[in-house]
>>> print(open('start-v4.txt').read())   # compact mmCIF, C-alpha atoms
# COMPACT_ATOMS: atom_id res chain seq x y z
CA MET A 12 92.09 102.85 64.90
CA LEU A 13 92.37 103.74 61.22
CA GLU A 14 92.74 107.46 61.80
CA PHE A 15 96.46 107.28 61.05
CA LEU A 16 95.55 106.74 57.40
CA GLU A 17 94.06 110.20 57.22
CA GLU A 18 96.38 113.04 56.35
CA LYS A 19 95.81 116.03 58.55
CA SER A 20 97.04 119.45 57.54
CA GLY A 21 99.97 120.69 59.60
CA GLU A 22 100.46 117.32 61.30
CA LYS A 23 103.68 115.35 60.98
CA LYS A 24 103.05 112.05 59.21
CA VAL A 25 104.46 108.67 60.16
CA GLU A 26 106.92 108.02 57.35
CA PHE A 27 107.42 104.72 55.54
CA LEU A 28 110.98 104.55 56.86
CA GLU A 29 109.74 104.66 60.45
CA LEU A 30 107.50 101.64 59.86
CA ILE A 31 110.36 99.67 58.30
CA TYR A 32 112.57 100.63 61.25
CA ASP A 33 109.96 99.43 63.74
CA LEU A 34 109.85 96.03 62.04
CA ILE A 35 113.46 95.32 63.03
CA PHE A 36 112.46 95.96 66.65
CA VAL A 37 109.61 93.47 66.26
CA TYR A 38 112.18 90.90 65.11
CA VAL A 39 114.54 91.64 68.01
CA ILE A 40 111.71 91.48 70.54
CA GLY A 41 110.74 88.12 69.03
CA ARG A 42 114.30 86.92 69.68
CA ASN A 43 114.02 88.19 73.26
CA ASN A 44 110.72 86.31 73.71
CA SER A 45 112.42 83.07 72.64
CA LEU A 46 114.43 83.22 75.88
CA LEU A 47 111.24 82.51 77.82
CA HIS A 48 110.95 79.04 76.27
CA ALA A 49 114.04 77.77 78.10
CA MET A 50 112.44 75.92 81.01
CA GLU A 51 113.99 74.96 84.34
CA ASP A 52 111.97 72.56 86.51
CA GLY A 53 108.78 73.27 84.57
CA PHE A 54 109.02 77.06 84.36
CA ILE A 55 111.27 80.03 83.53
CA GLY A 56 114.41 80.26 85.66
CA ALA A 57 115.06 83.49 87.57
CA GLU A 58 118.33 84.18 85.72
CA THR A 59 116.69 83.53 82.35
CA TYR A 60 113.82 85.89 83.09
CA LEU A 61 116.24 88.58 84.30
CA THR A 62 118.17 88.25 81.03
CA TYR A 63 114.91 88.51 79.08
CA ALA A 64 113.74 91.55 81.06
CA LEU A 65 117.04 93.40 80.61
CA THR A 66 117.35 92.70 76.89
CA THR A 67 113.71 93.71 76.34
CA LEU A 68 114.13 96.99 78.20
CA ILE A 69 117.40 97.72 76.37
CA ILE A 70 115.79 97.26 72.95
CA LEU A 71 112.70 99.26 73.90
CA GLN A 72 114.93 102.02 75.23
CA ILE A 73 116.71 102.26 71.87
CA TRP A 74 113.30 102.46 70.19
CA TYR A 75 112.29 105.16 72.72
CA PHE A 76 115.38 107.28 71.99
CA THR A 77 115.02 106.92 68.23
CA THR A 78 111.28 107.63 68.16
CA LEU A 79 111.59 110.84 70.16
CA PHE A 80 114.53 112.02 68.02
CA ILE A 81 112.61 111.44 64.77
CA ASN A 82 109.51 113.08 66.21
CA ARG A 83 111.33 116.25 67.25
CA TYR A 84 114.05 116.60 64.63
CA GLY A 85 113.43 114.07 61.86
CA GLY A 86 113.31 115.41 58.33
CA ASN A 87 113.13 112.16 56.34
CA GLY A 88 116.30 113.13 54.49
CA LEU A 89 119.12 111.03 53.04
CA GLN A 90 121.36 111.59 56.05
CA GLU A 91 118.64 110.34 58.39
CA HIS A 92 117.99 107.30 56.19
CA ILE A 93 121.65 106.30 56.28
CA CYS A 94 121.85 106.59 60.08
CA ILE A 95 118.67 104.55 60.56
CA PHE A 96 119.82 101.79 58.20
CA ILE A 97 123.16 101.60 60.05
CA ASN A 98 121.31 101.11 63.32
CA MET A 99 119.03 98.50 61.74
CA TYR A 100 122.12 96.55 60.70
CA LEU A 101 123.59 96.80 64.21
CA LEU A 102 120.33 95.64 65.76
CA TYR A 103 120.76 92.31 63.95
CA TYR A 104 123.95 91.76 65.97
CA MET A 105 122.09 92.57 69.18
CA ALA A 106 119.40 90.06 68.18
CA ASP A 107 122.01 87.40 67.45
CA GLY A 108 123.58 88.01 70.86
CA THR A 109 120.26 87.56 72.67
CA ARG A 110 120.73 84.03 73.96
CA ILE A 111 120.55 82.00 77.14
CA HIS A 112 124.34 81.74 77.15
CA TRP A 113 124.74 85.46 76.57
CA GLN A 114 128.25 85.53 78.05
CA SER A 115 129.71 84.16 74.82
CA TYR A 116 128.11 87.04 72.88
CA TYR A 117 128.81 89.84 75.35
CA VAL A 118 131.31 91.67 73.11
CA ARG A 119 129.16 91.46 69.97
CA TYR A 120 125.95 92.53 71.75
CA ASN A 121 127.43 95.47 73.64
CA LEU A 122 129.63 96.71 70.80
CA ALA A 123 126.53 96.93 68.58
CA TRP A 124 124.54 98.63 71.38
CA GLY A 125 127.30 101.17 72.04
CA LEU A 126 127.62 102.00 68.33
CA ILE A 127 123.85 102.50 68.06
CA LEU A 128 123.96 105.02 70.92
CA LEU A 129 126.94 106.79 69.31
CA ASN A 130 125.06 106.91 66.01
CA LEU A 131 122.11 108.61 67.74
CA ALA A 132 124.48 111.06 69.40
CA VAL A 133 125.97 111.90 65.99
CA GLN A 134 122.48 112.56 64.63
CA TYR A 135 121.88 115.04 67.45
CA TYR A 136 125.24 116.68 66.71
CA LEU A 137 124.32 117.13 63.06
CA LYS A 138 121.04 118.77 64.12
CA LEU A 139 122.91 121.02 66.55
CA ARG A 140 124.72 122.75 63.71
CA THR A 141 121.39 123.71 62.13
CA ALA A 142 119.77 124.66 65.44
CA ARG A 143 122.51 127.17 66.24
CA GLU A 144 121.55 129.16 63.17
CA HIS A 145 117.80 128.64 62.81
CA ALA A 146 116.49 127.50 66.23
CA PRO A 147 118.89 128.50 69.03
CA TRP A 148 116.27 127.70 71.69
CA GLU A 149 116.66 124.00 70.79
CA SER A 150 120.44 123.95 71.26
CA PHE A 151 120.33 123.31 75.01
CA HIS A 152 118.00 120.34 74.60
CA ILE A 153 120.09 118.86 71.79
CA ARG A 154 123.32 119.18 73.80
CA HIS A 155 121.66 117.62 76.83
CA SER A 156 120.33 114.65 74.81
CA MET A 157 123.68 114.18 73.06
CA ARG A 158 125.53 114.23 76.39
CA LEU A 159 123.28 111.57 77.92
CA LEU A 160 123.68 109.30 74.88
CA LEU A 161 127.47 109.66 74.98
CA ILE A 162 127.60 108.81 78.70
CA GLU A 163 125.43 105.73 78.21
CA ALA A 164 127.49 104.65 75.20
CA ALA A 165 130.70 105.09 77.22
CA VAL A 166 129.38 102.84 80.02
CA VAL A 167 128.37 100.16 77.50
CA LEU A 168 131.71 100.22 75.64
CA ILE A 169 133.85 100.38 78.78
CA SER A 170 132.04 97.34 80.15
CA ILE A 171 133.41 95.22 77.27
CA PRO A 172 137.09 95.10 78.39
CA LEU A 173 136.08 95.06 82.07
CA TYR A 174 133.87 91.97 81.77
CA PRO A 175 136.73 89.43 81.34
CA LEU A 176 138.50 91.01 84.33
CA MET A 177 135.56 91.37 86.74
CA HIS A 178 133.17 88.71 85.37
CA ILE A 179 130.36 91.18 86.14
CA PRO A 180 128.23 92.57 83.28
CA LEU A 181 128.23 96.32 83.87
CA SER A 182 126.33 97.27 80.72
CA PRO A 183 122.87 96.97 82.37
CA LEU A 184 123.93 100.00 84.43
CA ALA A 185 123.91 101.96 81.17
CA MET A 186 120.29 101.03 80.54
CA MET A 187 119.33 102.02 84.10
CA PHE A 188 121.19 105.32 83.70
CA GLY A 189 119.37 106.03 80.43
CA MET A 190 115.95 105.36 81.95
CA ALA A 191 116.66 107.45 85.05
CA ALA A 192 118.08 110.31 82.97
CA ALA A 193 115.02 110.30 80.69
CA LEU A 194 112.63 110.44 83.66
CA LEU A 195 114.63 113.17 85.41
CA SER A 196 115.00 115.35 82.31
CA GLY A 197 111.39 116.47 82.22
CA ARG A 198 112.19 120.20 82.49
CA THR A 199 114.81 120.01 79.74
CA ASN A 200 112.59 117.89 77.49
CA SER A 201 109.78 120.40 77.89
CA LEU A 202 111.92 122.98 76.06
CA VAL A 203 111.12 121.18 72.80
CA SER A 204 107.62 119.73 72.74
CA VAL A 205 106.90 116.72 70.56
CA ASP A 206 104.38 116.46 67.76
CA PHE A 207 101.99 114.50 69.98
CA PRO A 208 99.57 113.33 67.22
CA HIS A 209 102.55 111.89 65.32
CA LEU A 210 103.95 110.30 68.49
CA THR A 211 100.66 108.62 69.40
CA GLU A 212 100.29 107.22 65.88
CA ARG A 213 103.87 105.95 65.86
CA VAL A 214 103.45 104.27 69.24
CA MET A 215 100.04 102.84 68.30
CA LEU A 216 101.55 101.25 65.20
CA TYR A 217 104.26 99.62 67.28
CA VAL A 218 101.60 98.29 69.65
CA VAL A 219 99.79 96.88 66.59
CA PHE A 220 103.03 95.14 65.55
CA THR A 221 103.27 93.71 69.07
CA PHE A 222 99.75 92.34 68.77
CA GLY A 223 100.91 90.83 65.48
CA GLU A 224 103.52 88.88 67.45
CA MET A 225 100.74 87.74 69.78
CA ILE A 226 98.65 86.54 66.84
CA ILE A 227 101.62 84.50 65.62
CA GLY A 228 102.17 83.21 69.16
CA ILE A 229 98.69 81.71 69.46
CA ALA A 230 98.94 79.98 66.06
CA GLY A 231 100.00 76.82 67.90
CA TYR A 232 96.50 76.53 69.33
CA PHE A 233 95.20 75.76 65.84
CA GLY A 234 97.41 72.68 65.39
CA GLY A 235 97.07 69.18 66.75
CA GLY A 236 94.00 68.04 64.88
CA PHE A 237 90.44 69.26 64.44
CA THR A 238 88.96 68.30 67.81
CA LEU A 239 86.49 69.89 70.20
CA SER A 240 89.35 70.66 72.60
CA SER A 241 91.49 72.34 69.92
CA ILE A 242 88.51 74.40 68.71
CA TYR A 243 87.70 75.50 72.26
CA PHE A 244 91.24 76.52 73.24
CA SER A 245 92.00 78.20 69.90
CA LEU A 246 88.75 80.19 70.15
CA MET A 247 89.52 81.26 73.75
CA ALA A 248 93.06 82.32 72.84
CA PHE A 249 91.80 84.26 69.82
CA LEU A 250 89.15 86.02 71.93
CA ILE A 251 91.81 87.02 74.48
CA VAL A 252 93.93 88.67 71.78
CA VAL A 253 90.93 90.45 70.26
CA GLY A 254 89.75 91.65 73.69
CA LEU A 255 93.16 93.02 74.65
CA PHE A 256 93.43 94.77 71.29
CA GLN A 257 89.99 96.31 71.78
CA THR A 258 90.92 97.66 75.22
CA TYR A 259 93.96 99.45 73.78
CA GLY A 260 91.88 100.64 70.82
CA TYR A 261 89.32 102.08 73.24
CA PHE A 262 91.98 104.19 74.97
CA TYR A 263 93.53 105.28 71.70
CA ASP A 264 90.23 106.26 70.06
CA HIS A 265 88.18 107.55 73.00
CA VAL A 266 90.46 108.54 75.88
CA ILE A 267 93.80 110.00 74.79
CA ASP A 268 93.80 113.69 73.94
CA ARG A 269 96.20 113.81 71.00
CA GLU A 270 96.00 117.59 70.68
CA THR A 271 97.60 118.38 74.05
CA PRO A 272 101.22 119.60 73.70
CA ASN A 273 103.70 117.82 75.99
CA ALA A 274 107.26 116.47 76.09
CA GLY A 275 106.15 112.90 75.34
CA THR A 276 108.57 111.33 77.83
CA GLY A 277 105.91 109.94 80.16
CA TYR A 278 103.76 108.67 77.30
CA MET A 279 106.68 106.76 75.81
CA THR A 280 107.81 105.40 79.19
CA ILE A 281 104.33 104.04 79.92
CA HIS A 282 104.32 102.32 76.53
CA ILE A 283 107.70 100.69 77.13
CA PHE A 284 106.23 98.77 80.07
CA LEU A 285 102.87 98.27 78.34
CA ILE A 286 104.57 96.67 75.33
CA ALA A 287 106.77 94.56 77.62
CA ALA A 288 103.60 93.34 79.39
CA LEU A 289 102.02 92.42 76.02
CA ASN A 290 105.09 90.34 75.18
CA ASN A 291 104.75 88.56 78.53
CA ILE A 292 101.08 87.86 77.77
CA THR A 293 102.14 86.32 74.44
CA ALA A 294 104.54 83.98 76.24
CA ALA A 295 101.93 83.21 78.92
CA LEU A 296 99.35 82.22 76.29
CA GLU A 297 101.88 79.91 74.68
CA PHE A 298 102.55 78.33 78.10
CA MET A 299 98.84 77.67 78.65
CA ARG A 300 98.78 74.95 75.98
CA GLU A 301 102.05 73.34 77.14
CA PRO A 302 101.45 70.45 79.58
CA ALA A 303 105.16 70.41 80.47
CA VAL A 304 104.85 73.88 82.05
CA ARG A 305 103.73 73.76 85.68
CA GLN A 306 100.16 74.92 86.26
CA ILE A 307 100.56 77.28 89.22
CA PRO A 308 103.41 79.44 87.85
CA LYS A 309 101.96 79.66 84.34
CA ASN A 310 98.57 80.78 85.67
CA ALA A 311 100.26 83.29 87.98
CA PHE A 312 102.40 84.53 85.08
CA LEU A 313 99.32 85.08 82.89
CA VAL A 314 97.47 86.92 85.68
CA ALA A 315 100.46 89.12 86.52
CA SER A 316 101.10 89.96 82.84
CA ILE A 317 97.47 90.95 82.17
CA VAL A 318 97.18 92.99 85.38
CA VAL A 319 100.44 94.84 84.62
CA TYR A 320 99.16 95.53 81.10
CA MET A 321 95.93 96.95 82.53
CA LEU A 322 97.86 99.04 85.07
CA PHE A 323 99.92 100.80 82.42
CA LEU A 324 96.92 101.07 80.11
CA PHE A 325 95.02 103.02 82.77
CA LEU A 326 98.12 105.15 83.46
CA LEU A 327 97.51 106.58 79.97
CA GLU A 328 94.64 108.49 81.59
CA LYS A 329 97.26 111.11 82.40
CA TYR A 330 96.87 112.06 78.72
CA ALA A 331 93.08 111.73 78.63
CA ARG A 332 90.54 114.29 77.57
CA VAL A 333 88.93 115.82 80.65
CA GLN A 334 85.51 114.33 79.94
CA ALA A 335 87.02 110.86 79.37
CA ARG A 336 88.75 110.51 82.72
CA CYS A 337 87.63 107.79 85.11
CA SER A 338 86.13 108.48 88.50
CA ARG A 339 87.51 107.01 91.73
CA ARG A 340 84.45 104.79 91.93
CA PHE A 341 85.17 103.38 88.48
CA TYR A 342 88.81 102.73 89.44
CA GLY A 343 87.56 100.92 92.55
CA GLN A 344 85.38 98.68 90.39
CA ILE A 345 88.36 97.88 88.15
CA VAL A 346 90.51 96.97 91.15
CA LEU A 347 87.78 94.67 92.51
CA LEU A 348 87.46 93.05 89.09
CA CYS A 349 91.23 92.40 88.97
CA VAL A 350 91.17 90.90 92.48
CA ALA A 351 88.26 88.63 91.52
CA PHE A 352 90.17 87.60 88.37
CA ALA A 353 93.26 86.67 90.41
CA ILE A 354 91.22 84.70 92.96
CA LEU A 355 89.31 82.75 90.29
CA MET A 356 92.52 81.96 88.39
CA ALA A 357 94.09 80.68 91.62
CA ALA A 358 91.02 78.54 92.31
CA THR A 359 90.92 77.02 88.81
CA TYR A 360 94.64 76.48 88.14
CA ARG A 361 94.12 72.70 87.90
CA TYR A 362 91.61 73.15 85.07
CA PRO A 363 93.13 74.95 82.06
CA ALA A 364 89.81 74.91 80.18
CA VAL A 365 88.19 76.84 83.03
CA SER A 366 91.05 79.25 83.72
CA ILE A 367 91.33 80.32 80.07
CA ALA A 368 87.54 80.95 80.06
CA VAL A 369 87.94 83.03 83.25
CA THR A 370 90.56 85.11 81.43
CA VAL A 371 88.19 85.74 78.51
CA ILE A 372 85.35 86.72 80.85
CA PHE A 373 87.63 89.12 82.76
CA ILE A 374 88.88 90.90 79.63
CA TYR A 375 85.45 91.31 78.06
CA THR A 376 83.87 92.39 81.34
CA LEU A 377 86.46 95.13 81.62
CA TYR A 378 85.97 96.14 77.99
CA ALA A 379 82.19 96.22 78.48
CA MET A 380 82.64 98.49 81.51
CA LEU A 381 84.75 100.87 79.42
CA TYR A 382 82.33 100.75 76.49
CA TYR A 383 79.17 101.48 78.51
CA ARG A 384 80.94 104.17 80.51
CA GLU A 385 81.88 105.94 77.28
CA LYS A 386 78.33 105.46 75.94
CA LYS A 387 76.86 107.13 79.05
CA GLN A 388 79.28 110.03 78.64
CA ARG A 389 78.15 110.55 75.06
CA GLN A 390 74.49 110.59 76.12
CA SER A 391 75.00 113.02 79.01
>>> encode(input="start-v4.txt", output="structure tokens")
Amino acid sequence: MLEFLEEKSGEKKVEFLELIYDLIFVYVIGRNNSLLHAMEDGFIGAETYLTYALTTLIILQIWYFTTLFINRYGGNGLQEHICIFINMYLLYYMADGTRIHWQSYYVRYNLAWGLILLNLAVQYYLKLRTAREHAPWESFHIRHSMRLLLIEAAVVLISIPLYPLMHIPLSPLAMMFGMAAALLSGRTNSLVSVDFPHLTERVMLYVVFTFGEMIIGIAGYFGGGFTLSSIYFSLMAFLIVVGLFQTYGYFYDHVIDRETPNAGTGYMTIHIFLIAALNNITAALEFMREPAVRQIPKNAFLVASIVVYMLFLFLLEKYARVQARCSRRFYGQIVLLCVAFAILMAATYRYPAVSIAVTVIFIYTLYAMLYYREKKQRQS
């Protein structure tokens, strides 16, 4: 996991500015996660969770667009610094507008979002002028990306005056359009391949920041006095975080082929949902120590969040080295393990001390399966 500290010749490095930029996204995601603490009848309300899901996907989509732009066209120049700092400033307004009563902040939130998209479109336009002279084969891709950003920005900005008239928030349509356009632009994106080693490092660092949020989230387990119960639950929560981190580290270090050229779209899309799942796990772990949260939904939420995380983690096998790919038999064993996990969590929902231990056993059993599988491959 420390390979990103090594400078490799000919490989694009993750710049200091990129790390600073990612920190603002960690802050905004933290604001989004705070929505999940508004309880209705002992758990998250459907409308609240929908608001959380949409705001999380919107922020991660902005991160997705920015990361791919920097990877393909970033030069770490003054012009790029100015544009990134402008977007960082605008992201504070999006964070401030992330609230349960979001209707009162609709203008502020969407105006900032629209301006961020326009800023990204301007950055593509500035690169287009250079590409026409020095890299004409990139011009089509730049125009295509700029066009999609302008359409999405137009939908966001037009939704602002329409909202008071229709009382329907249309801006989520912009996010859906952006995601669909990204997934359907595979042929166009393939015209300009990404620096995949740089992309994997950048994404890995953001995942590390997300685990940082999880570490902060479980800090509450260490309060409430030095008792046997507090020691037990804090240890279990800590082991869950470490185990989840190790599973991602296993894929990053031993599975992903970072030398394979590709467009990067699928890799980034998988990580959007993987990071969203990690944020849900953080909230679920915080719920586990709250007696006011109903047992059945909070256990189900934890199970669903961990299983979704594992699903997208194994989808990264699309980018695996040939010798590191899992067999169908191994996938079958993983599915059976997940089913057993869900059944045991359902059976022990009345006993938090047991269900959190079941979670630890599940995560470390899965990690052990991955570890010994990789060990056998090395020996063969």
>>> closest_residue(input="start-v4.txt", among="A:Thr62, A:Asn98, A:Asn130, A:Asn82", to="Arg110 of chain A", atoms="all atoms listed in the file")
A:Thr62
>>> atom_distance(input="start-v4.txt", atom1="atom CA of Tyr104 of chain A", atom2="atom CA of Tyr116 of chain A")
9.3 Å
>>> residues_around(input="start-v4.txt", residues="Leu128 of chain A", least_positions_apart="5", cutoff="9 Å", atoms="all atoms listed in the file", output="PyMOL selection string")
chain A and resi 73+76+98+123+133+160-161+163-164
>>> closest_residue(input="start-v4.txt", among="A:Leu381, A:Ile35, A:Val205, A:Val167", to="Lys23 of chain A", atoms="only C-alpha atoms")
A:Val205
>>> closest_atom_pairs(input="start-v4.txt", of="segment 43-130 of chain A", to="segment 258-281 of chain A", cutoff="9 Å", atoms="only C-alpha atoms", output="CSV")
residue,atom,partner,partner_atom,distance
A:Gln72,CA,A:Thr280,CA,8.8
A:Tyr75,CA,A:Met279,CA,6.6
A:Thr78,CA,A:Met279,CA,9.0
A:Leu79,CA,A:Gly275,CA,7.8
>>> closest_residue(input="start-v4.txt", among="A:Phe341, A:Ile169, A:Ala287, A:Gly56", to="Ile70 of chain A", atoms="all atoms listed in the file")
A:Ala287
>>> residues_around(input="start-v4.txt", residues="segment 311-323 of chain A", least_positions_apart="6", cutoff="7 Å", atoms="only C-alpha atoms", output="list in words")
Ile281, Leu285, Ala288, Leu289, Asn291, Ile292, Ala295, Cys349 and Ala353 of chain A
>>> atom_distance(input="start-v4.txt", atom1="atom CA of Ala368 of chain A", atom2="atom CA of Tyr383 of chain A")
22.2 Å
>>> residues_around(input="start-v4.txt", residues="Phe96 of chain A", least_positions_apart="4", cutoff="12 Å", atoms="all atoms listed in the file", output="ChimeraX atom specification")
/A:28-29,31-33,35,89-92,100-103,127,130-131
>>> closest_residue(input="start-v4.txt", among="A:Tyr117, A:Phe352, A:Tyr60, A:Tyr382", to="Pro180 of chain A", atoms="all atoms listed in the file")
A:Tyr117
>>> atom_distance(input="start-v4.txt", atom1="atom CA of Ser240 of chain A", atom2="atom CA of Thr376 of chain A")
24.1 Å
>>> closest_residue(input="start-v4.txt", among="A:Tyr135, A:Leu34, A:Arg42, A:Tyr63", to="Met99 of chain A", atoms="only C-alpha atoms")
A:Leu34
>>> residues_around(input="start-v4.txt", residues="Pro183 of chain A", least_positions_apart="4", cutoff="9 Å", atoms="only C-alpha atoms", output="list in words")
Leu65, Thr66, Ile69, Val167, Met187 and Phe188 of chain A
>>> residues_around(input="start-v4.txt", residues="Tyr362 of chain A", least_positions_apart="6", cutoff="12 Å", atoms="all atoms listed in the file", output="compact mmCIF listing (two decimals) with C-alpha atoms, in the coordinates of the input")
# COMPACT_ATOMS: atom_id res chain seq x y z
CA MET A 299 98.84 77.67 78.65
CA ARG A 300 98.78 74.95 75.98
CA PRO A 302 101.45 70.45 79.58
CA GLN A 306 100.16 74.92 86.26
CA ILE A 307 100.56 77.28 89.22
CA ASN A 310 98.57 80.78 85.67
CA LEU A 355 89.31 82.75 90.29
CA MET A 356 92.52 81.96 88.39
CA ALA A 368 87.54 80.95 80.06
CA VAL A 369 87.94 83.03 83.25
>>> closest_residue(input="start-v4.txt", among="A:Ile162, A:Ile229, A:Val365, A:Ile251", to="Phe298 of chain A", atoms="all atoms listed in the file")
A:Ile229
>>> residues_near_point(input="start-v4.txt", point="(111.2, 81.3, 78.1)", cutoff="12 Å", atoms="all atoms listed in the file", output="ChimeraX atom specification")
/A:41-51,53-64,110-111,290-291,293-295,297-298,304,309,312
>>> build_atoms(input="start-v4.txt", residues="segment 34-41 of chain A", atoms="all heavy atoms", output="compact mmCIF listing (two decimals), in the coordinates of the input")
# COMPACT_ATOMS: atom_id res chain seq x y z
N LEU A 34 109.90 97.47 62.30
CA LEU A 34 109.85 96.03 62.04
C LEU A 34 111.09 95.31 62.56
O LEU A 34 111.01 94.15 63.00
CB LEU A 34 109.67 95.76 60.54
CG LEU A 34 108.28 96.06 59.98
CD1 LEU A 34 108.25 95.84 58.48
CD2 LEU A 34 107.22 95.19 60.65
N ILE A 35 112.25 95.96 62.51
CA ILE A 35 113.46 95.32 63.03
C ILE A 35 113.35 95.16 64.55
O ILE A 35 113.82 94.17 65.12
CB ILE A 35 114.74 96.12 62.66
CG1 ILE A 35 116.00 95.36 63.05
CG2 ILE A 35 114.76 97.48 63.30
CD1 ILE A 35 116.24 94.10 62.29
N PHE A 36 112.67 96.09 65.20
CA PHE A 36 112.46 95.96 66.65
C PHE A 36 111.50 94.81 66.95
O PHE A 36 111.67 94.10 67.95
CB PHE A 36 111.92 97.26 67.24
CG PHE A 36 112.95 98.34 67.35
CD1 PHE A 36 113.09 99.30 66.37
CD2 PHE A 36 113.80 98.39 68.44
CE1 PHE A 36 114.05 100.28 66.45
CE2 PHE A 36 114.76 99.37 68.55
CZ PHE A 36 114.90 100.32 67.55
N VAL A 37 110.51 94.61 66.09
CA VAL A 37 109.61 93.47 66.26
C VAL A 37 110.40 92.16 66.17
O VAL A 37 110.20 91.23 66.97
CB VAL A 37 108.50 93.49 65.19
CG1 VAL A 37 107.64 92.23 65.27
CG2 VAL A 37 107.62 94.73 65.37
N TYR A 38 111.34 92.09 65.24
CA TYR A 38 112.18 90.90 65.11
C TYR A 38 113.04 90.70 66.36
O TYR A 38 113.12 89.57 66.88
CB TYR A 38 113.07 91.03 63.87
CG TYR A 38 114.21 90.03 63.86
CD1 TYR A 38 113.96 88.67 63.70
CD2 TYR A 38 115.53 90.45 64.02
CE1 TYR A 38 115.00 87.74 63.71
CE2 TYR A 38 116.57 89.54 64.03
CZ TYR A 38 116.30 88.18 63.88
OH TYR A 38 117.32 87.28 63.90
N VAL A 39 113.66 91.77 66.84
CA VAL A 39 114.54 91.64 68.01
C VAL A 39 113.74 91.24 69.24
O VAL A 39 114.17 90.40 70.03
CB VAL A 39 115.32 92.95 68.26
CG1 VAL A 39 116.23 92.80 69.47
CG2 VAL A 39 116.15 93.32 67.03
N ILE A 40 112.56 91.84 69.41
CA ILE A 40 111.71 91.48 70.54
C ILE A 40 111.30 90.01 70.44
O ILE A 40 111.22 89.30 71.45
CB ILE A 40 110.47 92.39 70.60
CG1 ILE A 40 110.85 93.81 71.05
CG2 ILE A 40 109.41 91.82 71.53
CD1 ILE A 40 111.32 93.90 72.48
N GLY A 41 111.05 89.54 69.22
CA GLY A 41 110.74 88.12 69.03
C GLY A 41 111.89 87.23 69.49
O GLY A 41 111.67 86.18 70.10
